[in-house]
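Printed here is model-v3.cif (mmCIF, C-alpha atoms):
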data_coords
loop_
_atom_site.label_atom_id
_atom_site.label_comp_id
_atom_site.auth_asym_id
_atom_site.auth_seq_id
_atom_site.Cartn_x
_atom_site.Cartn_y
_atom_site.Cartn_z
CA MET A 1 24.90 26.10 100.07
CA ASP A 2 27.53 28.64 101.09
CA GLY A 3 30.00 28.89 98.23
CA SER A 4 32.67 30.38 100.49
CA LYS A 5 32.93 27.29 102.69
CA ILE A 6 33.69 23.58 102.62
CA ASN A 7 32.49 21.63 105.65
CA ASP A 8 31.67 24.92 107.42
CA LYS A 9 35.25 26.19 107.03
CA ASN A 10 36.25 29.17 104.90
CA VAL A 11 37.86 28.12 101.66
CA THR A 12 41.34 29.21 100.64
CA GLU A 13 42.84 29.32 97.18
CA GLU A 14 45.39 26.68 98.17
CA LEU A 15 42.68 24.29 99.39
CA LEU A 16 40.53 24.74 96.30
CA LEU A 17 43.41 24.25 93.88
CA GLU A 18 44.55 21.16 95.81
CA GLU A 19 40.99 19.81 95.53
CA GLY A 20 41.08 20.22 91.74
CA TYR A 21 39.08 23.44 91.36
CA ARG A 22 39.96 25.74 88.46
CA LYS A 23 40.27 29.46 89.17
CA TYR A 24 38.46 32.16 87.19
CA SER A 25 39.80 35.54 88.30
CA GLY A 26 37.83 38.73 88.54
CA GLU A 27 38.54 42.21 89.82
CA LYS A 28 36.66 41.81 93.12
CA LEU A 29 35.85 38.09 93.19
CA ASP A 30 37.51 34.86 92.15
CA ILE A 31 35.23 31.98 91.14
CA TYR A 32 36.41 28.38 91.40
CA TYR A 33 34.87 25.43 89.56
CA SER A 34 35.34 21.68 89.87
CA LYS A 35 34.20 19.67 86.85
CA ASP A 36 34.62 16.48 88.91
CA ILE A 37 31.99 17.60 91.44
CA CYS A 38 29.57 19.30 89.04
CA ALA A 39 26.18 17.60 88.72
CA HIS A 40 25.32 19.69 85.60
CA ILE A 41 22.02 20.90 87.08
CA GLY A 42 22.43 24.25 85.29
CA ASN A 43 21.57 26.66 88.12
CA CYS A 44 24.62 28.74 87.24
CA VAL A 45 23.83 29.07 83.54
CA ARG A 46 20.16 29.84 84.20
CA GLY A 47 21.09 32.09 87.13
CA ASN A 48 23.34 34.40 85.11
CA PRO A 49 24.22 33.45 81.52
CA ASP A 50 26.39 36.57 81.20
CA VAL A 51 28.80 35.08 83.77
CA PHE A 52 28.29 31.35 83.14
CA GLU A 53 28.04 30.37 79.46
CA VAL A 54 28.72 26.80 78.39
CA GLY A 55 30.61 26.66 75.11
CA ARG A 56 32.40 29.96 75.60
CA ARG A 57 36.10 30.01 76.52
CA PRO A 58 36.50 30.82 79.31
CA TRP A 59 33.04 29.68 80.24
CA ILE A 60 33.08 31.75 83.47
CA ILE A 61 33.70 35.49 83.21
CA THR A 62 33.48 36.73 86.77
CA ASP A 63 33.31 40.45 86.00
CA ASN A 64 30.25 40.07 83.74
CA GLY A 65 28.13 40.22 86.90
CA SER A 66 28.16 42.07 90.20
CA VAL A 67 29.86 40.47 93.19
CA GLU A 68 26.52 40.09 94.96
CA GLU A 69 24.84 38.51 91.94
CA ASP A 70 27.77 36.13 91.34
CA ILE A 71 27.62 35.00 94.98
CA ARG A 72 23.84 34.55 94.84
CA VAL A 73 24.18 32.27 91.81
CA ILE A 74 27.14 30.33 93.23
CA ASN A 75 25.20 29.69 96.43
CA THR A 76 22.47 27.94 94.38
CA CYS A 77 24.94 25.28 93.21
CA PRO A 78 23.64 22.05 94.80
CA SER A 79 26.83 20.02 94.32
CA GLY A 80 29.41 22.47 95.66
CA ALA A 81 31.22 22.56 92.31
CA LEU A 82 31.27 26.37 92.46
CA LYS A 83 33.11 28.27 95.18
CA TYR A 84 34.24 31.86 95.53
CA ILE A 85 36.74 34.03 97.34
CA ARG A 86 36.08 37.74 97.70
CA LYS A 87 38.99 40.09 97.18
CA ASP A 88 37.41 43.02 99.02
CA GLY A 89 37.80 41.48 102.48
CA LYS A 90 34.07 41.11 103.13
#
Can you give me the file's structure in the form of structure tokens?
Amino acid sequence: MDGSKINDKNVTEELLLEEGYRKYSGEKLDIYYSKDICAHIGNCVRGNPDVFEVGRRPWIITDNGSVEEDIRVINTCPSGALKYIRKDGK
């Protein structure tokens, strides 16, 4: 799944916030999470526990991983509960 899109359209912050996603800001990447969509499969936590750690507040710390690694993990989310927006224009 492409974590930068919903229904093949690029996501925007406004759209994600309207849809109930919560924003986790990073220097080069913002990660968005929707608890209402999450199927709790755990791909994120297993994919990079430095970024995604259940029980920690905040549970997502974007800058604990590289942009490429964060995107790789987000793209393994089967439910679409994780989305991202790059800040570097790529």
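Reported to one decimal place, the separation of atom CA of A:Thr62 from atom CA of A:Asp50 is 9.0 Å.
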I want to know what sits within 7 Å of stretch 39-46 of chain A, based on all atoms listed in the file, with residues of the same chain fewer than 2 positions away left out; could you give that as a PDB file with C-alpha atoms, in the frame of the given file?
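Wrote selection23.pdb, looks like this:
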ATOM      1  CA  ILE A  37      31.990  17.600  91.440  1.00  0.00           C
ATOM      2  CA  ASN A  48      23.340  34.400  85.110  1.00  0.00           C
ATOM      3  CA  PRO A  49      24.220  33.450  81.520  1.00  0.00           C
ATOM      4  CA  PHE A  52      28.290  31.350  83.140  1.00  0.00           C
ATOM      5  CA  GLU A  53      28.040  30.370  79.460  1.00  0.00           C
ATOM      6  CA  VAL A  73      24.180  32.270  91.810  1.00  0.00           C
ATOM      7  CA  ILE A  74      27.140  30.330  93.230  1.00  0.00           C
ATOM      8  CA  THR A  76      22.470  27.940  94.380  1.00  0.00           C
ATOM      9  CA  CYS A  77      24.940  25.280  93.210  1.00  0.00           C
ATOM     10  CA  SER A  79      26.830  20.020  94.320  1.00  0.00           C
TER      11      SER A  79
END
Expected selection from the PyMOL selection byres ((chain A and resi 12-18) around 10), given as a list of chain:residue names: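 Against this file, the PyMOL selection byres ((chain A and resi 12-18) around 10) returns the residues A:Ser4, A:Lys5, A:Ile6, A:Lys9, A:Asn10, A:Val11, A:Glu19, A:Gly20, A:Tyr21, A:Arg22, A:Lys23, A:Asp30, A:Tyr32, A:Tyr33, A:Ser34, A:Lys83, A:Tyr84, A:Ile85.
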Nearest-residue call for A:Gly3, choices A:Lys28, A:Lys87, A:Arg56, A:Arg72, using all atoms listed in the file: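 Of A:Lys28, A:Lys87, A:Arg56, A:Arg72, the one nearest A:Gly3 is A:Arg72, counting all atoms listed in the file.
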Between atom CA of A:Asn64 and atom CA of A:Asn7 - distance in Å to one decimal: 28.7 Å
Some atoms are absent from stretch 58-70 of chain A, so rebuild N, CA, C and O atoms and return them as a PDB file, in the frame of the given file.
ATOM      1  N   PRO A  58      36.862  31.670  78.177  1.00  0.00           N
ATOM      2  CA  PRO A  58      36.500  30.820  79.310  1.00  0.00           C
ATOM      3  C   PRO A  58      35.001  30.833  79.528  1.00  0.00           C
ATOM      4  O   PRO A  58      34.329  31.806  79.179  1.00  0.00           O
ATOM      5  N   TRP A  59      34.489  29.775  80.080  1.00  0.00           N
ATOM      6  CA  TRP A  59      33.040  29.680  80.240  1.00  0.00           C
ATOM      7  C   TRP A  59      32.538  30.487  81.433  1.00  0.00           C
ATOM      8  O   TRP A  59      31.348  30.786  81.520  1.00  0.00           O
ATOM      9  N   ILE A  60      33.431  30.873  82.348  1.00  0.00           N
ATOM     10  CA  ILE A  60      33.080  31.750  83.470  1.00  0.00           C
ATOM     11  C   ILE A  60      33.839  33.057  83.310  1.00  0.00           C
ATOM     12  O   ILE A  60      35.067  33.056  83.239  1.00  0.00           O
ATOM     13  N   ILE A  61      33.097  34.155  83.224  1.00  0.00           N
ATOM     14  CA  ILE A  61      33.700  35.490  83.210  1.00  0.00           C
ATOM     15  C   ILE A  61      33.126  36.230  84.422  1.00  0.00           C
ATOM     16  O   ILE A  61      32.017  36.773  84.388  1.00  0.00           O
ATOM     17  N   THR A  62      33.905  36.212  85.473  1.00  0.00           N
ATOM     18  CA  THR A  62      33.480  36.730  86.770  1.00  0.00           C
ATOM     19  C   THR A  62      32.963  38.159  86.711  1.00  0.00           C
ATOM     20  O   THR A  62      31.933  38.486  87.301  1.00  0.00           O
ATOM     21  N   ASP A  63      33.653  39.025  86.010  1.00  0.00           N
ATOM     22  CA  ASP A  63      33.310  40.450  86.000  1.00  0.00           C
ATOM     23  C   ASP A  63      32.102  40.792  85.132  1.00  0.00           C
ATOM     24  O   ASP A  63      31.727  41.959  85.062  1.00  0.00           O
ATOM     25  N   ASN A  64      31.477  39.801  84.501  1.00  0.00           N
ATOM     26  CA  ASN A  64      30.250  40.070  83.740  1.00  0.00           C
ATOM     27  C   ASN A  64      29.032  40.202  84.639  1.00  0.00           C
ATOM     28  O   ASN A  64      27.926  40.431  84.155  1.00  0.00           O
ATOM     29  N   GLY A  65      29.215  40.050  85.944  1.00  0.00           N
ATOM     30  CA  GLY A  65      28.130  40.220  86.900  1.00  0.00           C
ATOM     31  C   GLY A  65      28.656  40.948  88.120  1.00  0.00           C
ATOM     32  O   GLY A  65      29.862  41.071  88.322  1.00  0.00           O
ATOM     33  N   SER A  66      27.741  41.427  88.957  1.00  0.00           N
ATOM     34  CA  SER A  66      28.160  42.070  90.200  1.00  0.00           C
ATOM     35  C   SER A  66      28.605  41.002  91.188  1.00  0.00           C
ATOM     36  O   SER A  66      28.227  39.827  91.077  1.00  0.00           O
ATOM     37  N   VAL A  67      29.396  41.400  92.161  1.00  0.00           N
ATOM     38  CA  VAL A  67      29.860  40.470  93.190  1.00  0.00           C
ATOM     39  C   VAL A  67      28.668  39.812  93.876  1.00  0.00           C
ATOM     40  O   VAL A  67      28.622  38.592  94.052  1.00  0.00           O
ATOM     41  N   GLU A  68      27.688  40.606  94.243  1.00  0.00           N
ATOM     42  CA  GLU A  68      26.520  40.090  94.960  1.00  0.00           C
ATOM     43  C   GLU A  68      25.732  39.093  94.114  1.00  0.00           C
ATOM     44  O   GLU A  68      25.286  38.063  94.602  1.00  0.00           O
ATOM     45  N   GLU A  69      25.575  39.401  92.831  1.00  0.00           N
ATOM     46  CA  GLU A  69      24.840  38.510  91.940  1.00  0.00           C
ATOM     47  C   GLU A  69      25.631  37.215  91.699  1.00  0.00           C
ATOM     48  O   GLU A  69      25.053  36.126  91.685  1.00  0.00           O
ATOM     49  N   ASP A  70      26.934  37.330  91.511  1.00  0.00           N
ATOM     50  CA  ASP A  70      27.770  36.130  91.340  1.00  0.00           C
ATOM     51  C   ASP A  70      27.635  35.221  92.561  1.00  0.00           C
ATOM     52  O   ASP A  70      27.447  34.012  92.425  1.00  0.00           O
TER      53      ASP A  70
END
